[in-house]
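Okay, structure first, notes after.
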Amino acid sequence: MTSPQDAIAARRKLTNKLIAGKDARRLAPFLAPDIKVIVGDGSLILGARDVLEAFASQFADPAFVAYVRATERIELDSAGDRAAESGTWVGTTRGAADTRGTYLATWRKVTGQWVIENELFVTLS
């Protein structure tokens, strides 16, 4: 049986792949309907629909290449149905990794599948 940490790490890798493929609609199953995201500039995006629209807008920019999140740690709550994932992220445009920082994501297990409940991205450069 796959551990929750391995399942979350695998889902994160898949979101990285979908972002690189610029496929916003396929990100929907990874997001809780009421997701909250604080992006690198401090802006708040509420709800899966708005998060997907934000991705689609970035994907339409020909300079955008990808965001890659690299998981460093995943911790579970005592019930085993919520987890905190932390790590680093890199944004690439025009073929150059030009933004980077740290992130924290909260995952929630819903009907047997891990979804992102909220994310905080801090831009450091």
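The chains in the structure tokens are called A, B, ... from first to last as shown; in each chain the residues are counted from 1, and the ligands are counted from 1 in the order shown.
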
Task: Exercise: A:Ala83 partners within 6 Å, only C-alpha atoms, chain neighbours under 6 positions left out, as a PyMOL selection string - done: chain A and resi 75-77+106-107

Keeping N, CA and C atoms for every residue in the selection just given, could you write it to a file as a PDB file, in the first residue's frame?
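Written file, selection_33.pdb:
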ATOM      1  N   GLU A  75       4.253  16.235   6.235  1.00  0.00           N
ATOM      2  CA  GLU A  75       3.878  15.811   7.583  1.00  0.00           C
ATOM      3  C   GLU A  75       2.376  15.567   7.635  1.00  0.00           C
ATOM      4  N   LEU A  76       1.971  14.477   8.269  1.00  0.00           N
ATOM      5  CA  LEU A  76       0.550  14.137   8.412  1.00  0.00           C
ATOM      6  C   LEU A  76       0.011  14.571   9.760  1.00  0.00           C
ATOM      7  N   ASP A  77      -1.303  14.878   9.802  1.00  0.00           N
ATOM      8  CA  ASP A  77      -1.936  15.115  11.090  1.00  0.00           C
ATOM      9  C   ASP A  77      -2.193  13.764  11.766  1.00  0.00           C
ATOM     10  N   THR A 106      -1.360  22.683   2.035  1.00  0.00           N
ATOM     11  CA  THR A 106      -2.161  21.804   2.872  1.00  0.00           C
ATOM     12  C   THR A 106      -2.938  20.874   1.956  1.00  0.00           C
ATOM     13  N   TRP A 107      -2.791  19.584   2.195  1.00  0.00           N
ATOM     14  CA  TRP A 107      -3.516  18.564   1.430  1.00  0.00           C
ATOM     15  C   TRP A 107      -4.578  17.964   2.335  1.00  0.00           C
TER      16      TRP A 107
END

Quick one: residues within 9 Å of A:Val39, only C-alpha atoms, excluding same-chain residues fewer than 2 positions away - as an mmCIF file with N, CA and C atoms, in the first residue's frame?
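Result file is out.cif:
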data_model
loop_
_atom_site.group_PDB
_atom_site.id
_atom_site.type_symbol
_atom_site.label_atom_id
_atom_site.label_comp_id
_atom_site.auth_asym_id
_atom_site.auth_seq_id
_atom_site.Cartn_x
_atom_site.Cartn_y
_atom_site.Cartn_z
ATOM 1 N N VAL A 37 -5.279 30.146 -2.439
ATOM 2 C CA VAL A 37 -3.879 30.222 -2.849
ATOM 3 C C VAL A 37 -3.399 31.654 -2.671
ATOM 4 N N ASP A 41 3.262 37.177 -5.205
ATOM 5 C CA ASP A 41 3.197 38.626 -4.981
ATOM 6 C C ASP A 41 2.260 38.990 -3.836
ATOM 7 N N GLY A 42 1.709 37.979 -3.159
ATOM 8 C CA GLY A 42 0.822 38.212 -2.028
ATOM 9 C C GLY A 42 -0.648 38.247 -2.375
ATOM 10 N N SER A 43 -0.988 38.148 -3.652
ATOM 11 C CA SER A 43 -2.391 38.141 -4.065
ATOM 12 C C SER A 43 -3.066 36.850 -3.613
ATOM 13 N N LEU A 44 -4.354 36.960 -3.317
ATOM 14 C CA LEU A 44 -5.142 35.818 -2.868
ATOM 15 C C LEU A 44 -6.077 35.377 -3.989
ATOM 16 N N ILE A 45 -6.079 34.078 -4.278
ATOM 17 C CA ILE A 45 -7.002 33.499 -5.253
ATOM 18 C C ILE A 45 -7.885 32.512 -4.496
ATOM 19 N N GLU A 119 -2.518 26.797 -0.564
ATOM 20 C CA GLU A 119 -1.092 26.915 -0.870
ATOM 21 C C GLU A 119 -0.647 28.342 -0.595
ATOM 22 N N LEU A 120 0.578 28.472 -0.122
ATOM 23 C CA LEU A 120 1.219 29.766 0.096
ATOM 24 C C LEU A 120 2.564 29.727 -0.607
ATOM 25 N N PHE A 121 2.768 30.660 -1.529
ATOM 26 C CA PHE A 121 4.036 30.756 -2.252
ATOM 27 C C PHE A 121 4.720 32.055 -1.861
ATOM 28 N N VAL A 122 5.976 31.959 -1.456
ATOM 29 C CA VAL A 122 6.765 33.129 -1.091
ATOM 30 C C VAL A 122 7.864 33.286 -2.130
ATOM 31 N N THR A 123 7.842 34.401 -2.853
ATOM 32 C CA THR A 123 8.879 34.673 -3.845
ATOM 33 C C THR A 123 10.097 35.240 -3.130
#

Open item on the list: DSSP on the backbone: which residues in chain A end up as helix (DSSP H, G or I)? Give the answer as a ChimeraX atom specification.
Closed with: /A:4-20,24-30,48-59

Can those selected residues be exported to a file as a JSON list (two decimals), in the first residue's frame so that it contains C-alpha atoms?
[["chain", "number", "residue", "atom", "x", "y", "z"],
["A", 4, "PRO", "CA", 0.16, 9.09, 2.28],
["A", 5, "GLN", "CA", 3.49, 10.88, 1.90],
["A", 6, "ASP", "CA", 4.31, 8.93, -1.27],
["A", 7, "ALA", "CA", 0.81, 9.52, -2.65],
["A", 8, "ILE", "CA", 1.06, 13.28, -2.06],
["A", 9, "ALA", "CA", 4.57, 13.43, -3.53],
["A", 10, "ALA", "CA", 3.35, 11.57, -6.62],
["A", 11, "ARG", "CA", 0.40, 13.93, -7.03],
["A", 12, "ARG", "CA", 2.73, 16.92, -6.71],
["A", 13, "LYS", "CA", 4.98, 15.52, -9.45],
["A", 14, "LEU", "CA", 1.95, 15.04, -11.67],
["A", 15, "THR", "CA", 0.82, 18.65, -11.12],
["A", 16, "ASN", "CA", 4.31, 19.78, -12.15],
["A", 17, "LYS", "CA", 3.94, 17.74, -15.35],
["A", 18, "LEU", "CA", 0.49, 19.17, -16.10],
["A", 19, "ILE", "CA", 1.73, 22.72, -15.53],
["A", 20, "ALA", "CA", 4.68, 22.13, -17.88],
["A", 24, "ALA", "CA", -5.09, 23.88, -16.75],
["A", 25, "ARG", "CA", -8.31, 21.85, -16.91],
["A", 26, "ARG", "CA", -6.48, 18.63, -15.99],
["A", 27, "LEU", "CA", -5.34, 20.28, -12.73],
["A", 28, "ALA", "CA", -8.96, 20.42, -11.48],
["A", 29, "PRO", "CA", -8.96, 16.98, -9.74],
["A", 30, "PHE", "CA", -5.99, 18.08, -7.62],
["A", 48, "ALA", "CA", -10.74, 26.12, -7.85],
["A", 49, "ARG", "CA", -12.39, 27.90, -10.78],
["A", 50, "ASP", "CA", -10.37, 31.07, -10.21],
["A", 51, "VAL", "CA", -7.14, 29.12, -9.65],
["A", 52, "LEU", "CA", -7.68, 27.26, -12.93],
["A", 53, "GLU", "CA", -8.42, 30.55, -14.72],
["A", 54, "ALA", "CA", -5.19, 32.02, -13.34],
["A", 55, "PHE", "CA", -3.23, 29.03, -14.65],
["A", 56, "ALA", "CA", -4.96, 29.23, -18.05],
["A", 57, "SER", "CA", -4.06, 32.92, -18.28],
["A", 58, "GLN", "CA", -0.40, 32.19, -17.56],
["A", 59, "PHE", "CA", -0.37, 29.26, -19.97]]

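Straight-line separation from atom CA of A:Gly80 to atom CA of A:Asn118: 17.1 Å.
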
Skip A:Ile116 itself and residues of its chain fewer than 4 positions away, then list as a compact mmCIF listing (two decimals) with C-alpha atoms, in the first residue's frame all residues within 9 Å of it, counting only C-alpha atoms.
# COMPACT_ATOMS: atom_id res chain seq x y z
CA PHE A 30 -5.99 18.08 -7.62
CA LEU A 31 -7.76 21.14 -6.18
CA ALA A 32 -10.36 21.31 -3.42
CA ILE A 35 -8.96 26.08 -2.39
CA LYS A 36 -7.18 29.22 -1.21
CA ALA A 105 0.61 23.40 0.85
CA THR A 106 -2.16 21.80 2.87
CA TRP A 107 -3.52 18.56 1.43
CA ARG A 108 -6.82 16.98 2.48
CA LYS A 109 -7.95 13.43 1.79

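Distances here use only C-alpha atoms; by that measure, the residue among A:Thr111, A:Thr2, A:Ser125, A:Ser78 closest to A:Gly91 is A:Ser125.
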
Per-residue DSSP, stretch 57-124 of chain A, filtered to strand (DSSP E), as a short mmCIF file (atom, residue, chain, number, x, y, z; two decimals) with N, CA and C atoms, in the first residue's frame:
data_model
loop_
_atom_site.label_atom_id
_atom_site.label_comp_id
_atom_site.auth_asym_id
_atom_site.auth_seq_id
_atom_site.Cartn_x
_atom_site.Cartn_y
_atom_site.Cartn_z
N PHE A 64 5.75 31.97 -20.86
CA PHE A 64 5.66 31.07 -19.71
C PHE A 64 6.13 29.67 -20.09
N VAL A 65 6.97 29.07 -19.24
CA VAL A 65 7.42 27.70 -19.46
C VAL A 65 6.83 26.77 -18.39
N ALA A 66 7.11 27.02 -17.12
CA ALA A 66 6.63 26.11 -16.08
C ALA A 66 6.85 26.67 -14.68
N TYR A 67 6.14 26.08 -13.74
CA TYR A 67 6.44 26.18 -12.32
C TYR A 67 6.75 24.77 -11.88
N VAL A 68 7.83 24.60 -11.15
CA VAL A 68 8.18 23.29 -10.62
C VAL A 68 8.29 23.41 -9.11
N ARG A 69 7.51 22.59 -8.43
CA ARG A 69 7.58 22.53 -6.96
C ARG A 69 8.39 21.30 -6.60
N ALA A 70 9.35 21.49 -5.71
CA ALA A 70 10.19 20.38 -5.24
C ALA A 70 9.88 20.14 -3.76
N THR A 71 9.22 19.04 -3.49
CA THR A 71 8.83 18.70 -2.13
C THR A 71 10.05 18.40 -1.28
N GLU A 72 10.11 19.01 -0.12
CA GLU A 72 11.19 18.72 0.83
C GLU A 72 10.68 17.95 2.05
N ARG A 73 9.41 18.18 2.42
CA ARG A 73 8.88 17.54 3.62
C ARG A 73 7.36 17.42 3.53
N ILE A 74 6.84 16.31 4.00
CA ILE A 74 5.40 16.10 4.10
C ILE A 74 5.11 15.54 5.49
N GLU A 75 4.25 16.23 6.23
CA GLU A 75 3.88 15.81 7.58
C GLU A 75 2.38 15.57 7.64
N LEU A 76 1.97 14.48 8.27
CA LEU A 76 0.55 14.14 8.41
C LEU A 76 0.01 14.57 9.76
N ARG A 82 -5.14 14.92 6.76
CA ARG A 82 -4.60 16.22 6.34
C ARG A 82 -3.09 16.13 6.39
N ALA A 83 -2.45 16.90 5.52
CA ALA A 83 -0.99 16.89 5.49
C ALA A 83 -0.47 18.26 5.11
N ALA A 84 0.71 18.57 5.62
CA ALA A 84 1.42 19.80 5.27
C ALA A 84 2.62 19.41 4.41
N GLU A 85 2.69 20.00 3.25
CA GLU A 85 3.82 19.78 2.33
C GLU A 85 4.59 21.09 2.24
N SER A 86 5.91 21.01 2.38
CA SER A 86 6.72 22.21 2.21
C SER A 86 7.88 21.90 1.27
N GLY A 87 8.36 22.96 0.63
CA GLY A 87 9.45 22.78 -0.31
C GLY A 87 9.82 24.07 -0.99
N THR A 88 10.46 23.94 -2.13
CA THR A 88 10.88 25.10 -2.91
C THR A 88 10.19 25.05 -4.27
N TRP A 89 10.10 26.21 -4.90
CA TRP A 89 9.50 26.28 -6.24
C TRP A 89 10.36 27.16 -7.13
N VAL A 90 10.29 26.87 -8.42
CA VAL A 90 11.01 27.64 -9.43
C VAL A 90 10.05 27.93 -10.57
N GLY A 91 10.01 29.19 -10.98
CA GLY A 91 9.22 29.59 -12.15
C GLY A 91 10.15 29.88 -13.31
N THR A 92 9.80 29.36 -14.48
CA THR A 92 10.64 29.52 -15.66
C THR A 92 9.86 30.24 -16.75
N THR A 93 10.45 31.30 -17.27
CA THR A 93 9.91 32.00 -18.44
C THR A 93 11.03 32.19 -19.44
N ALA A 96 14.40 30.53 -18.95
CA ALA A 96 15.28 30.83 -17.81
C ALA A 96 14.50 30.73 -16.50
N ALA A 97 15.10 30.07 -15.52
CA ALA A 97 14.50 30.00 -14.18
C ALA A 97 14.69 31.36 -13.54
N ASP A 98 13.64 32.19 -13.58
CA ASP A 98 13.81 33.58 -13.16
C ASP A 98 13.08 33.98 -11.88
N THR A 99 12.26 33.10 -11.34
CA THR A 99 11.66 33.34 -10.03
C THR A 99 11.74 32.06 -9.22
N ARG A 100 11.89 32.24 -7.93
CA ARG A 100 11.99 31.07 -7.05
C ARG A 100 11.62 31.47 -5.64
N GLY A 101 11.35 30.46 -4.84
CA GLY A 101 11.00 30.73 -3.46
C GLY A 101 10.66 29.45 -2.72
N THR A 102 9.91 29.62 -1.63
CA THR A 102 9.47 28.50 -0.82
C THR A 102 7.94 28.42 -0.87
N TYR A 103 7.41 27.25 -0.52
CA TYR A 103 5.95 27.10 -0.49
C TYR A 103 5.54 26.17 0.63
N LEU A 104 4.28 26.31 1.01
CA LEU A 104 3.64 25.41 1.95
C LEU A 104 2.26 25.09 1.38
N ALA A 105 1.92 23.82 1.34
CA ALA A 105 0.61 23.40 0.85
C ALA A 105 -0.05 22.52 1.90
N THR A 106 -1.36 22.68 2.03
CA THR A 106 -2.16 21.80 2.87
C THR A 106 -2.94 20.87 1.96
N TRP A 107 -2.79 19.58 2.19
CA TRP A 107 -3.52 18.56 1.43
C TRP A 107 -4.58 17.96 2.34
N ARG A 108 -5.72 17.60 1.75
CA ARG A 108 -6.82 16.98 2.48
C ARG A 108 -7.25 15.74 1.71
N LYS A 109 -7.49 14.67 2.44
CA LYS A 109 -7.95 13.43 1.79
C LYS A 109 -9.47 13.47 1.68
N VAL A 110 -9.94 13.42 0.43
CA VAL A 110 -11.37 13.50 0.14
C VAL A 110 -11.75 12.29 -0.72
N GLN A 113 -8.87 10.37 -2.12
CA GLN A 113 -7.88 11.04 -2.96
C GLN A 113 -7.38 12.32 -2.27
N TRP A 114 -6.09 12.60 -2.42
CA TRP A 114 -5.50 13.80 -1.82
C TRP A 114 -5.71 15.00 -2.74
N VAL A 115 -6.27 16.09 -2.18
CA VAL A 115 -6.46 17.33 -2.93
C VAL A 115 -5.82 18.48 -2.17
N ILE A 116 -5.46 19.52 -2.90
CA ILE A 116 -4.82 20.69 -2.29
C ILE A 116 -5.91 21.60 -1.72
N GLU A 117 -5.80 21.86 -0.43
CA GLU A 117 -6.76 22.70 0.28
C GLU A 117 -6.32 24.17 0.25
N ASN A 118 -5.03 24.40 0.42
CA ASN A 118 -4.50 25.75 0.30
C ASN A 118 -3.01 25.70 0.01
N GLU A 119 -2.52 26.80 -0.56
CA GLU A 119 -1.09 26.91 -0.87
C GLU A 119 -0.65 28.34 -0.59
N LEU A 120 0.58 28.47 -0.12
CA LEU A 120 1.22 29.77 0.10
C LEU A 120 2.56 29.73 -0.61
N PHE A 121 2.77 30.66 -1.53
CA PHE A 121 4.04 30.76 -2.25
C PHE A 121 4.72 32.05 -1.86
N VAL A 122 5.98 31.96 -1.46
CA VAL A 122 6.76 33.13 -1.09
C VAL A 122 7.86 33.29 -2.13
N THR A 123 7.84 34.40 -2.85
CA THR A 123 8.88 34.67 -3.85
C THR A 123 10.10 35.24 -3.13
#
